[in-house]
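query29.pdb follows; it contains PDB, C-alpha atoms.
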```
ATOM      1  CA  MET A   1     103.704  89.500  75.466  1.00  0.00           C
ATOM      2  CA  ILE A   2     105.162  91.132  78.577  1.00  0.00           C
ATOM      3  CA  ARG A   3     108.548  92.731  77.934  1.00  0.00           C
ATOM      4  CA  PHE A   4     111.037  93.743  80.585  1.00  0.00           C
ATOM      5  CA  GLY A   5     113.498  96.586  80.753  1.00  0.00           C
ATOM      6  CA  TYR A   6     115.750  98.729  82.899  1.00  0.00           C
ATOM      7  CA  ALA A   7     115.668 102.509  82.642  1.00  0.00           C
ATOM      8  CA  ASP A   8     118.719 104.576  83.561  1.00  0.00           C
ATOM      9  CA  THR A   9     117.749 107.382  85.954  1.00  0.00           C
ATOM     10  CA  ARG A  10     119.475 109.693  88.406  1.00  0.00           C
ATOM     11  CA  PHE A  11     118.588 107.172  91.128  1.00  0.00           C
ATOM     12  CA  GLY A  12     120.153 104.260  89.267  1.00  0.00           C
ATOM     13  CA  GLN A  13     118.336 101.678  87.187  1.00  0.00           C
ATOM     14  CA  ILE A  14     114.581 101.224  87.551  1.00  0.00           C
ATOM     15  CA  HIS A  15     113.129  97.893  86.489  1.00  0.00           C
ATOM     16  CA  TYR A  16     109.787  97.687  84.706  1.00  0.00           C
ATOM     17  CA  ALA A  17     107.527  95.362  82.742  1.00  0.00           C
ATOM     18  CA  ALA A  18     105.431  96.561  79.829  1.00  0.00           C
ATOM     19  CA  CYS A  19     102.787  95.314  77.459  1.00  0.00           C
ATOM     20  CA  GLY A  20     101.002  96.841  74.474  1.00  0.00           C
ATOM     21  CA  THR A  21     101.158 100.144  72.640  1.00  0.00           C
ATOM     22  CA  GLY A  22      99.201 103.383  72.703  1.00  0.00           C
ATOM     23  CA  GLU A  23      98.301 105.782  75.477  1.00  0.00           C
ATOM     24  CA  PRO A  24     100.365 104.893  78.576  1.00  0.00           C
ATOM     25  CA  VAL A  25      99.132 103.777  81.973  1.00  0.00           C
ATOM     26  CA  LEU A  26     101.709 103.379  84.747  1.00  0.00           C
ATOM     27  CA  LEU A  27     100.983 100.784  87.457  1.00  0.00           C
ATOM     28  CA  LEU A  28     102.369 101.085  91.004  1.00  0.00           C
ATOM     29  CA  HIS A  29     102.430  98.139  93.409  1.00  0.00           C
ATOM     30  CA  GLN A  30     101.861  97.749  97.139  1.00  0.00           C
ATOM     31  CA  SER A  31     104.632  97.047  99.670  1.00  0.00           C
ATOM     32  CA  PRO A  32     106.701  94.896  99.668  1.00  0.00           C
ATOM     33  CA  ARG A  33     105.678  93.675  96.235  1.00  0.00           C
ATOM     34  CA  SER A  34     107.018  94.298  92.735  1.00  0.00           C
ATOM     35  CA  TRP A  35     105.732  94.636  89.169  1.00  0.00           C
ATOM     36  CA  ASP A  36     104.554  91.030  89.568  1.00  0.00           C
ATOM     37  CA  GLU A  37     101.423  92.250  91.330  1.00  0.00           C
ATOM     38  CA  TYR A  38     100.233  93.313  87.870  1.00  0.00           C
ATOM     39  CA  ARG A  39     101.325  90.184  85.995  1.00  0.00           C
ATOM     40  CA  GLU A  40      97.746  89.310  85.019  1.00  0.00           C
ATOM     41  CA  VAL A  41      96.665  92.943  84.538  1.00  0.00           C
ATOM     42  CA  LEU A  42      99.389  93.954  82.063  1.00  0.00           C
ATOM     43  CA  PRO A  43      98.212  91.840  79.076  1.00  0.00           C
ATOM     44  CA  LEU A  44      94.602  92.901  79.668  1.00  0.00           C
ATOM     45  CA  LEU A  45      95.298  96.632  79.719  1.00  0.00           C
ATOM     46  CA  GLY A  46      97.935  96.113  77.017  1.00  0.00           C
ATOM     47  CA  ARG A  47      95.249  95.181  74.499  1.00  0.00           C
ATOM     48  CA  THR A  48      94.427  98.849  73.913  1.00  0.00           C
ATOM     49  CA  ARG A  49      97.231 100.896  75.524  1.00  0.00           C
ATOM     50  CA  ARG A  50     100.815 100.820  76.708  1.00  0.00           C
ATOM     51  CA  ALA A  51     100.683  99.355  80.222  1.00  0.00           C
ATOM     52  CA  VAL A  52     103.850  99.705  82.318  1.00  0.00           C
ATOM     53  CA  ALA A  53     104.297  98.171  85.776  1.00  0.00           C
ATOM     54  CA  MET A  54     107.423  99.389  87.560  1.00  0.00           C
ATOM     55  CA  ASP A  55     109.340  98.193  90.570  1.00  0.00           C
ATOM     56  CA  THR A  56     109.234 101.053  93.068  1.00  0.00           C
ATOM     57  CA  LEU A  57     112.661 102.315  94.135  1.00  0.00           C
ATOM     58  CA  GLY A  58     113.947  99.933  96.799  1.00  0.00           C
ATOM     59  CA  PHE A  59     111.704  97.031  95.749  1.00  0.00           C
ATOM     60  CA  GLY A  60     111.885  94.261  93.181  1.00  0.00           C
ATOM     61  CA  ASN A  61     114.896  94.853  90.953  1.00  0.00           C
ATOM     62  CA  SER A  62     114.989  98.653  91.123  1.00  0.00           C
ATOM     63  CA  ALA A  63     117.757 100.724  92.685  1.00  0.00           C
ATOM     64  CA  PRO A  64     117.357 101.847  96.300  1.00  0.00           C
ATOM     65  CA  PRO A  65     115.893 105.305  96.973  1.00  0.00           C
ATOM     66  CA  PRO A  66     117.785 108.077  98.784  1.00  0.00           C
ATOM     67  CA  ARG A  67     115.232 107.618 101.583  1.00  0.00           C
ATOM     68  CA  HIS A  68     112.306 105.284 102.031  1.00  0.00           C
ATOM     69  CA  SER A  69     109.676 108.000 101.756  1.00  0.00           C
ATOM     70  CA  ILE A  70     106.583 108.492  99.642  1.00  0.00           C
ATOM     71  CA  GLU A  71     108.193 111.609  98.217  1.00  0.00           C
ATOM     72  CA  ASP A  72     111.285 109.729  97.021  1.00  0.00           C
ATOM     73  CA  TYR A  73     109.215 106.842  95.650  1.00  0.00           C
ATOM     74  CA  ALA A  74     107.201 109.394  93.656  1.00  0.00           C
ATOM     75  CA  ALA A  75     110.388 111.029  92.397  1.00  0.00           C
ATOM     76  CA  GLY A  76     111.370 107.611  91.067  1.00  0.00           C
ATOM     77  CA  VAL A  77     108.069 107.330  89.188  1.00  0.00           C
ATOM     78  CA  LEU A  78     108.657 110.677  87.487  1.00  0.00           C
ATOM     79  CA  ALA A  79     112.253 109.693  86.722  1.00  0.00           C
ATOM     80  CA  LEU A  80     111.014 106.545  84.987  1.00  0.00           C
ATOM     81  CA  MET A  81     108.508 108.579  82.994  1.00  0.00           C
ATOM     82  CA  ASP A  82     111.349 110.843  81.890  1.00  0.00           C
ATOM     83  CA  ALA A  83     113.523 107.882  80.919  1.00  0.00           C
ATOM     84  CA  LEU A  84     110.700 106.285  78.906  1.00  0.00           C
ATOM     85  CA  GLY A  85     109.774 109.549  77.211  1.00  0.00           C
ATOM     86  CA  LEU A  86     106.326 109.725  78.796  1.00  0.00           C
ATOM     87  CA  ASP A  87     105.318 113.371  78.990  1.00  0.00           C
ATOM     88  CA  THR A  88     101.971 112.356  80.487  1.00  0.00           C
ATOM     89  CA  ALA A  89     100.415 109.094  81.612  1.00  0.00           C
ATOM     90  CA  ALA A  90      97.492 107.714  83.523  1.00  0.00           C
ATOM     91  CA  VAL A  91      98.719 106.427  86.876  1.00  0.00           C
ATOM     92  CA  ALA A  92      97.162 103.598  88.901  1.00  0.00           C
ATOM     93  CA  GLY A  93      98.358 102.501  92.322  1.00  0.00           C
ATOM     94  CA  HIS A  94      97.327  99.787  94.780  1.00  0.00           C
ATOM     95  CA  HIS A  95      97.752 100.219  98.567  1.00  0.00           C
ATOM     96  CA  THR A  96     101.222 101.813  98.982  1.00  0.00           C
ATOM     97  CA  GLY A  97     101.247 102.344  95.230  1.00  0.00           C
ATOM     98  CA  GLY A  98      98.088 104.402  95.568  1.00  0.00           C
ATOM     99  CA  VAL A  99      99.717 106.661  98.148  1.00  0.00           C
ATOM    100  CA  VAL A 100     102.702 107.081  95.822  1.00  0.00           C
ATOM    101  CA  ALA A 101     100.312 107.862  92.967  1.00  0.00           C
ATOM    102  CA  VAL A 102      98.735 110.644  95.038  1.00  0.00           C
ATOM    103  CA  GLU A 103     102.142 112.252  95.495  1.00  0.00           C
ATOM    104  CA  VAL A 104     102.973 111.928  91.799  1.00  0.00           C
ATOM    105  CA  ALA A 105      99.704 113.613  90.819  1.00  0.00           C
ATOM    106  CA  ALA A 106     100.192 116.339  93.448  1.00  0.00           C
ATOM    107  CA  ARG A 107     103.824 116.989  92.536  1.00  0.00           C
ATOM    108  CA  ALA A 108     103.391 116.989  88.762  1.00  0.00           C
ATOM    109  CA  PRO A 109      99.676 117.483  87.985  1.00  0.00           C
ATOM    110  CA  GLU A 110     100.425 118.366  84.378  1.00  0.00           C
ATOM    111  CA  ARG A 111     101.901 114.902  83.818  1.00  0.00           C
ATOM    112  CA  VAL A 112      99.061 112.741  85.199  1.00  0.00           C
ATOM    113  CA  SER A 113      96.079 112.509  82.875  1.00  0.00           C
ATOM    114  CA  ARG A 114      93.963 110.230  85.080  1.00  0.00           C
ATOM    115  CA  LEU A 115      94.453 108.705  88.506  1.00  0.00           C
ATOM    116  CA  VAL A 116      93.281 105.321  89.822  1.00  0.00           C
ATOM    117  CA  LEU A 117      93.600 104.792  93.579  1.00  0.00           C
ATOM    118  CA  SER A 118      92.998 101.153  94.472  1.00  0.00           C
ATOM    119  CA  SER A 119      92.635 100.146  98.129  1.00  0.00           C
ATOM    120  CA  THR A 120      94.374 103.385  98.996  1.00  0.00           C
ATOM    121  CA  PRO A 121      94.321 104.605 102.612  1.00  0.00           C
ATOM    122  CA  MET A 122      93.665 108.192 103.684  1.00  0.00           C
ATOM    123  CA  VAL A 123      96.840 109.032 105.587  1.00  0.00           C
ATOM    124  CA  ASP A 124      95.866 112.171 107.496  1.00  0.00           C
ATOM    125  CA  GLN A 125      96.364 112.787 111.206  1.00  0.00           C
ATOM    126  CA  GLU A 126      93.787 110.126 112.039  1.00  0.00           C
ATOM    127  CA  GLY A 127      95.467 107.681 109.673  1.00  0.00           C
ATOM    128  CA  ARG A 128      98.925 108.363 111.067  1.00  0.00           C
ATOM    129  CA  LEU A 129      97.735 107.820 114.642  1.00  0.00           C
ATOM    130  CA  LEU A 130      96.104 104.552 113.593  1.00  0.00           C
ATOM    131  CA  ARG A 131      99.345 103.342 112.027  1.00  0.00           C
ATOM    132  CA  ARG A 132     101.458 104.483 114.967  1.00  0.00           C
ATOM    133  CA  ASP A 133      99.656 102.045 117.263  1.00  0.00           C
ATOM    134  CA  ARG A 134      99.322  99.213 114.736  1.00  0.00           C
ATOM    135  CA  PRO A 135     101.795  96.292 114.947  1.00  0.00           C
ATOM    136  CA  PRO A 136     104.262  95.904 112.063  1.00  0.00           C
ATOM    137  CA  ILE A 137     102.685  94.233 109.063  1.00  0.00           C
ATOM    138  CA  ASP A 138     105.506  92.187 107.544  1.00  0.00           C
ATOM    139  CA  ALA A 139     108.501  92.601 109.859  1.00  0.00           C
ATOM    140  CA  VAL A 140     110.348  89.344 110.607  1.00  0.00           C
ATOM    141  CA  SER A 141     113.771  88.496 112.011  1.00  0.00           C
ATOM    142  CA  GLU A 142     115.940  86.483 109.660  1.00  0.00           C
ATOM    143  CA  SER A 143     116.893  83.145 111.173  1.00  0.00           C
ATOM    144  CA  PRO A 144     119.432  80.498 110.118  1.00  0.00           C
ATOM    145  CA  ASP A 145     116.768  77.806 110.404  1.00  0.00           C
ATOM    146  CA  GLY A 146     114.588  79.566 107.859  1.00  0.00           C
ATOM    147  CA  SER A 147     111.702  80.133 110.267  1.00  0.00           C
ATOM    148  CA  HIS A 148     111.347  83.674 108.934  1.00  0.00           C
ATOM    149  CA  LEU A 149     109.989  82.167 105.709  1.00  0.00           C
ATOM    150  CA  ALA A 150     107.086  80.644 107.606  1.00  0.00           C
ATOM    151  CA  ALA A 151     106.617  83.874 109.547  1.00  0.00           C
ATOM    152  CA  LEU A 152     106.242  85.873 106.333  1.00  0.00           C
ATOM    153  CA  TRP A 153     103.670  83.346 105.140  1.00  0.00           C
ATOM    154  CA  ARG A 154     101.727  83.368 108.422  1.00  0.00           C
ATOM    155  CA  ASN A 155     101.563  87.179 108.598  1.00  0.00           C
ATOM    156  CA  ARG A 156      99.597  87.382 105.358  1.00  0.00           C
ATOM    157  CA  ALA A 157      97.843  84.004 105.429  1.00  0.00           C
ATOM    158  CA  PRO A 158      94.590  85.340 106.972  1.00  0.00           C
ATOM    159  CA  TYR A 159      94.169  87.751 104.063  1.00  0.00           C
ATOM    160  CA  TYR A 160      95.573  85.954 101.005  1.00  0.00           C
ATOM    161  CA  PRO A 161      94.509  82.886  99.024  1.00  0.00           C
ATOM    162  CA  TRP A 162      97.376  80.511  99.642  1.00  0.00           C
ATOM    163  CA  ARG A 163      98.385  80.280  95.983  1.00  0.00           C
ATOM    164  CA  LEU A 164      99.160  84.006  95.962  1.00  0.00           C
ATOM    165  CA  LEU A 165     101.301  83.778  99.077  1.00  0.00           C
ATOM    166  CA  ASN A 166     104.200  82.281  97.113  1.00  0.00           C
ATOM    167  CA  ARG A 167     104.440  85.452  95.046  1.00  0.00           C
ATOM    168  CA  TYR A 168     104.201  87.707  98.073  1.00  0.00           C
ATOM    169  CA  VAL A 169     106.896  85.788 100.001  1.00  0.00           C
ATOM    170  CA  ARG A 170     109.243  85.859  97.013  1.00  0.00           C
ATOM    171  CA  ASP A 171     108.942  89.637  96.748  1.00  0.00           C
ATOM    172  CA  ALA A 172     109.302  90.096 100.494  1.00  0.00           C
ATOM    173  CA  LEU A 173     112.501  88.043 100.566  1.00  0.00           C
ATOM    174  CA  THR A 174     113.965  90.308  97.878  1.00  0.00           C
ATOM    175  CA  VAL A 175     113.871  93.319 100.217  1.00  0.00           C
ATOM    176  CA  LEU A 176     114.758  91.759 103.579  1.00  0.00           C
ATOM    177  CA  PRO A 177     115.629  93.180 106.049  1.00  0.00           C
ATOM    178  CA  GLU A 178     113.870  96.338 104.836  1.00  0.00           C
ATOM    179  CA  VAL A 179     110.534  94.638 104.245  1.00  0.00           C
ATOM    180  CA  GLU A 180     108.659  97.113 106.476  1.00  0.00           C
ATOM    181  CA  ARG A 181     110.094 100.309 105.004  1.00  0.00           C
ATOM    182  CA  GLY A 182     107.273 100.930 102.549  1.00  0.00           C
ATOM    183  CA  HIS A 183     104.655 100.727 105.305  1.00  0.00           C
ATOM    184  CA  GLN A 184     106.712 103.096 107.445  1.00  0.00           C
ATOM    185  CA  ALA A 185     106.852 105.546 104.546  1.00  0.00           C
ATOM    186  CA  VAL A 186     103.056 105.460 104.261  1.00  0.00           C
ATOM    187  CA  ALA A 187     102.662 106.005 108.006  1.00  0.00           C
ATOM    188  CA  ALA A 188     104.789 109.161 107.838  1.00  0.00           C
ATOM    189  CA  TYR A 189     103.095 110.708 104.784  1.00  0.00           C
ATOM    190  CA  ARG A 190     100.959 113.849 105.133  1.00  0.00           C
ATOM    191  CA  MET A 191      98.389 113.081 102.481  1.00  0.00           C
ATOM    192  CA  GLU A 192      95.931 115.718 103.663  1.00  0.00           C
ATOM    193  CA  GLU A 193      98.377 118.377 102.482  1.00  0.00           C
ATOM    194  CA  ARG A 194      98.670 116.864  98.996  1.00  0.00           C
ATOM    195  CA  VAL A 195      95.307 115.574  97.773  1.00  0.00           C
ATOM    196  CA  GLY A 196      94.035 119.082  97.149  1.00  0.00           C
ATOM    197  CA  LEU A 197      96.726 119.555  94.502  1.00  0.00           C
ATOM    198  CA  ILE A 198      95.357 116.779  92.276  1.00  0.00           C
ATOM    199  CA  ARG A 199      93.818 118.189  89.090  1.00  0.00           C
ATOM    200  CA  CYS A 200      92.931 115.141  86.990  1.00  0.00           C
ATOM    201  CA  PRO A 201      89.884 112.830  87.076  1.00  0.00           C
ATOM    202  CA  VAL A 202      90.167 110.279  89.903  1.00  0.00           C
ATOM    203  CA  LEU A 203      88.730 106.788  90.266  1.00  0.00           C
ATOM    204  CA  LEU A 204      88.652 105.143  93.698  1.00  0.00           C
ATOM    205  CA  VAL A 205      88.584 101.339  93.621  1.00  0.00           C
ATOM    206  CA  GLY A 206      87.681  99.519  96.817  1.00  0.00           C
ATOM    207  CA  SER A 207      87.946  95.811  97.571  1.00  0.00           C
ATOM    208  CA  ALA A 208      85.149  94.902  99.955  1.00  0.00           C
ATOM    209  CA  GLY A 209      87.142  92.053 101.514  1.00  0.00           C
ATOM    210  CA  ASP A 210      90.099  94.270 102.446  1.00  0.00           C
ATOM    211  CA  PRO A 211      89.737  94.883 106.208  1.00  0.00           C
ATOM    212  CA  PHE A 212      92.376  97.618 106.277  1.00  0.00           C
ATOM    213  CA  ALA A 213      91.861  99.853 103.242  1.00  0.00           C
ATOM    214  CA  PHE A 214      88.157  99.410 102.471  1.00  0.00           C
ATOM    215  CA  PRO A 215      86.928 101.100 105.675  1.00  0.00           C
ATOM    216  CA  GLU A 216      88.929 104.194 104.650  1.00  0.00           C
ATOM    217  CA  LEU A 217      87.308 104.517 101.221  1.00  0.00           C
ATOM    218  CA  ASP A 218      84.701 107.024 102.377  1.00  0.00           C
ATOM    219  CA  ARG A 219      87.286 109.208 104.124  1.00  0.00           C
ATOM    220  CA  LEU A 220      89.407 109.322 100.979  1.00  0.00           C
ATOM    221  CA  ALA A 221      86.359 110.105  98.840  1.00  0.00           C
ATOM    222  CA  THR A 222      85.528 113.038 101.118  1.00  0.00           C
ATOM    223  CA  ARG A 223      88.955 114.512 100.365  1.00  0.00           C
ATOM    224  CA  LEU A 224      88.404 113.998  96.623  1.00  0.00           C
ATOM    225  CA  PRO A 225      84.835 115.211  96.134  1.00  0.00           C
ATOM    226  CA  GLY A 226      84.946 115.023  92.337  1.00  0.00           C
ATOM    227  CA  SER A 227      86.088 111.411  92.263  1.00  0.00           C
ATOM    228  CA  THR A 228      84.117 108.391  91.120  1.00  0.00           C
ATOM    229  CA  ARG A 229      84.274 104.991  92.749  1.00  0.00           C
ATOM    230  CA  ALA A 230      83.957 101.304  91.983  1.00  0.00           C
ATOM    231  CA  VAL A 231      83.798  98.414  94.441  1.00  0.00           C
ATOM    232  CA  ILE A 232      85.039  94.884  93.777  1.00  0.00           C
ATOM    233  CA  GLU A 233      82.646  93.036  96.049  1.00  0.00           C
ATOM    234  CA  ASP A 234      84.731  89.872  96.373  1.00  0.00           C
ATOM    235  CA  GLY A 235      88.096  91.649  96.213  1.00  0.00           C
ATOM    236  CA  LEU A 236      90.768  91.058  98.840  1.00  0.00           C
ATOM    237  CA  ILE A 237      94.092  92.716  99.744  1.00  0.00           C
ATOM    238  CA  PRO A 238      96.032  91.118  96.851  1.00  0.00           C
ATOM    239  CA  LEU A 239      95.138  92.786  93.570  1.00  0.00           C
ATOM    240  CA  GLU A 240      95.782  89.552  91.658  1.00  0.00           C
ATOM    241  CA  HIS A 241      92.755  87.929  93.332  1.00  0.00           C
ATOM    242  CA  ARG A 242      90.437  89.781  90.940  1.00  0.00           C
ATOM    243  CA  ALA A 243      92.883  90.989  88.300  1.00  0.00           C
ATOM    244  CA  ALA A 244      90.465  90.731  85.371  1.00  0.00           C
ATOM    245  CA  GLU A 245      87.778  92.717  87.149  1.00  0.00           C
ATOM    246  CA  PHE A 246      90.298  95.354  88.201  1.00  0.00           C
ATOM    247  CA  ALA A 247      91.629  95.650  84.645  1.00  0.00           C
ATOM    248  CA  ALA A 248      88.115  96.034  83.231  1.00  0.00           C
ATOM    249  CA  ILE A 249      87.259  98.779  85.734  1.00  0.00           C
ATOM    250  CA  VAL A 250      90.478 100.657  84.941  1.00  0.00           C
ATOM    251  CA  ALA A 251      90.020 100.284  81.182  1.00  0.00           C
ATOM    252  CA  ASP A 252      86.456 101.628  81.357  1.00  0.00           C
ATOM    253  CA  PHE A 253      87.643 104.626  83.382  1.00  0.00           C
ATOM    254  CA  LEU A 254      90.511 105.396  81.033  1.00  0.00           C
ATOM    255  CA  ASP A 255      88.206 105.123  78.024  1.00  0.00           C
ATOM    256  CA  SER A 256      85.450 107.288  79.497  1.00  0.00           C
TER     257      SER A 256
END
```
Show me this structure written as structure tokens.
Amino acid sequence: MIRFGYADTRFGQIHYAACGTGEPVLLLHQSPRSWDEYREVLPLLGRTRRAVAMDTLGFGNSAPPPRHSIEDYAAGVLALMDALGLDTAAVAGHHTGGVVAVEVAARAPERVSRLVLSSTPMVDQEGRLLRRDRPPIDAVSESPDGSHLAALWRNRAPYYPWRLLNRYVRDALTVLPEVERGHQAVAAYRMEERVGLIRCPVLLVGSAGDPFAFPELDRLATRLPGSTRAVIEDGLIPLEHRAAEFAAIVADFLDS
């Protein structure tokens, strides 16, 4: 059973969903999603451990951050760990969540036992230049005729099975008009200055059908020479598309 809660932190309340007991694993979502990205994963990982999926500050039902930056998102992760009494935890992040996970592991290496980076970009100078020239991913203008709803759907339709688009659009509507802020935070991050501070074992998970993150898997692996990797051959941008396979890969890594 998935249980929900709010943790009081110095940033305000942080919303999370949890399942199971045992060693904790903290799950961080992509932008502009919420804990719901891990709805199918939580019960699977919760069979043998305490799986917690949080809403990043500024997304879902969590309080807004001081700034929309990777550093402040990571501070929110550590604040939730404090509130839940988690001295250490494995941390897994997908897309933006993976970038946040890098900062958590760099900022507090003694608190991250293992790190899973799923479809995580390498945001160095090359990555920042790429994002500077790339059109906005989710930005839409709210309209009284509701056309922005269709625009949100169309922006992701080439990359998502249509049944998953309902969940994405719901989460995106929750954060309008700041739907693009998470992507902007990623584009400003200086990951090359932080990855060298990671001290725990790292697993890189790539989804072969992700046209944005998968081509960057090798560049990220070069920066993390001790990491291992796994590829979901029929994976796409949405983690839910192959949730069971993702959960099995993570469980094997955490058990190894």
Measuring between all atoms listed in the file, which one of A:Asn61, A:Thr56, A:Thr222, A:Ser143 shows the shortest distance to Leu28 (chain A)? A:Thr56
Residue among A:Pro43, A:Gly196, A:Gly22, A:Gly5 lying closest to Ala83 (chain A), counting all atoms listed in the file: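 Among the listed residues, A:Gly5 lies closest to Ala83 (chain A).
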Contact residues around region 202-215 of chain A with all atoms listed in the file at 7 Å, ignoring same-chain residues under 4 positions, as a ChimeraX atom specification: /A:114-121,227-237
Contacts of region 144-154 of chain A at 12 Å (only C-alpha atoms; same-chain gap of 3+ positions) as a ChimeraX atom specification: /A:32,136-141,157-174,176-177,179-180
For the file shown, report as number ranges by chain the outcome of the PyMOL selection byres ((chain A and resi 52) around 8) at residue level. A: 16-19, 24-27, 42, 50-51, 53-54
Atom-to-atom span, CA of Leu254 (chain A) and CA of Glu192 (chain A), Å: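 Computing it gives 25.5 Å between the two atoms.
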So that all listed atoms of region 72-75 of chain A fit with 4 Å spare on each side, what axis-aligned box centre and edge lengths in Å, to one decimal, would you give as lines of an AutoDock Vina configuration file?
```
center_x = 109.2
center_y = 108.9
center_z = 94.7
size_x = 12.1
size_y = 12.2
size_z = 12.6
```
Residues matched by the PyMOL selection byres ((chain A and resi 8-10) around 7), written as a ChimeraX atom specification: /A:6-7,11-14,79-80,83
Starting from the sparse input, extend region 105-111 of chain A to all heavy atoms and give the output as an mmCIF file, in the coordinates of the input.
```cif
data_model
loop_
_atom_site.group_PDB
_atom_site.id
_atom_site.type_symbol
_atom_site.label_atom_id
_atom_site.label_comp_id
_atom_site.auth_asym_id
_atom_site.auth_seq_id
_atom_site.Cartn_x
_atom_site.Cartn_y
_atom_site.Cartn_z
ATOM 1 N N ALA A 105 100.704 112.717 91.390
ATOM 2 C CA ALA A 105 99.704 113.613 90.819
ATOM 3 C C ALA A 105 99.727 114.986 91.477
ATOM 4 O O ALA A 105 99.396 115.989 90.835
ATOM 5 C CB ALA A 105 98.318 112.990 90.948
ATOM 6 N N ALA A 106 100.096 115.056 92.755
ATOM 7 C CA ALA A 106 100.192 116.339 93.448
ATOM 8 C C ALA A 106 101.451 117.092 93.038
ATOM 9 O O ALA A 106 101.437 118.314 92.879
ATOM 10 C CB ALA A 106 100.179 116.116 94.957
ATOM 11 N N ARG A 107 102.535 116.369 92.852
ATOM 12 C CA ARG A 107 103.824 116.989 92.536
ATOM 13 C C ARG A 107 103.889 117.452 91.087
ATOM 14 O O ARG A 107 104.499 118.491 90.785
ATOM 15 C CB ARG A 107 104.945 115.984 92.818
ATOM 16 C CG ARG A 107 106.340 116.477 92.477
ATOM 17 C CD ARG A 107 107.398 115.475 92.898
ATOM 18 N NE ARG A 107 107.390 115.241 94.342
ATOM 19 C CZ ARG A 107 108.425 114.751 95.024
ATOM 20 N NH1 ARG A 107 109.543 114.447 94.387
ATOM 21 N NH2 ARG A 107 108.344 114.554 96.317
ATOM 22 N N ALA A 108 103.308 116.673 90.194
ATOM 23 C CA ALA A 108 103.391 116.989 88.762
ATOM 24 C C ALA A 108 102.010 116.821 88.122
ATOM 25 O O ALA A 108 101.795 115.917 87.312
ATOM 26 C CB ALA A 108 104.415 116.098 88.075
ATOM 27 N N PRO A 109 101.050 117.674 88.486
ATOM 28 C CA PRO A 109 99.676 117.483 87.985
ATOM 29 C C PRO A 109 99.564 117.540 86.474
ATOM 30 O O PRO A 109 98.662 116.923 85.896
ATOM 31 C CB PRO A 109 98.896 118.630 88.660
ATOM 32 C CG PRO A 109 99.930 119.629 89.063
ATOM 33 C CD PRO A 109 101.161 118.838 89.379
ATOM 34 N N GLU A 110 100.478 118.253 85.827
ATOM 35 C CA GLU A 110 100.425 118.366 84.378
ATOM 36 C C GLU A 110 100.848 117.078 83.685
ATOM 37 O O GLU A 110 100.627 116.927 82.480
ATOM 38 C CB GLU A 110 101.327 119.521 83.916
ATOM 39 C CG GLU A 110 102.824 119.252 83.969
ATOM 40 C CD GLU A 110 103.434 119.288 85.362
ATOM 41 O OE1 GLU A 110 102.698 119.571 86.335
ATOM 42 O OE2 GLU A 110 104.654 119.033 85.487
ATOM 43 N N ARG A 111 101.398 116.130 84.426
ATOM 44 C CA ARG A 111 101.901 114.902 83.818
ATOM 45 C C ARG A 111 100.992 113.697 84.058
ATOM 46 O O ARG A 111 101.238 112.631 83.504
ATOM 47 C CB ARG A 111 103.316 114.599 84.332
ATOM 48 C CG ARG A 111 104.302 115.732 84.048
ATOM 49 C CD ARG A 111 105.718 115.305 84.266
ATOM 50 N NE ARG A 111 106.128 114.301 83.292
ATOM 51 C CZ ARG A 111 107.359 113.776 83.253
ATOM 52 N NH1 ARG A 111 108.270 114.173 84.128
ATOM 53 N NH2 ARG A 111 107.663 112.870 82.349
#
```
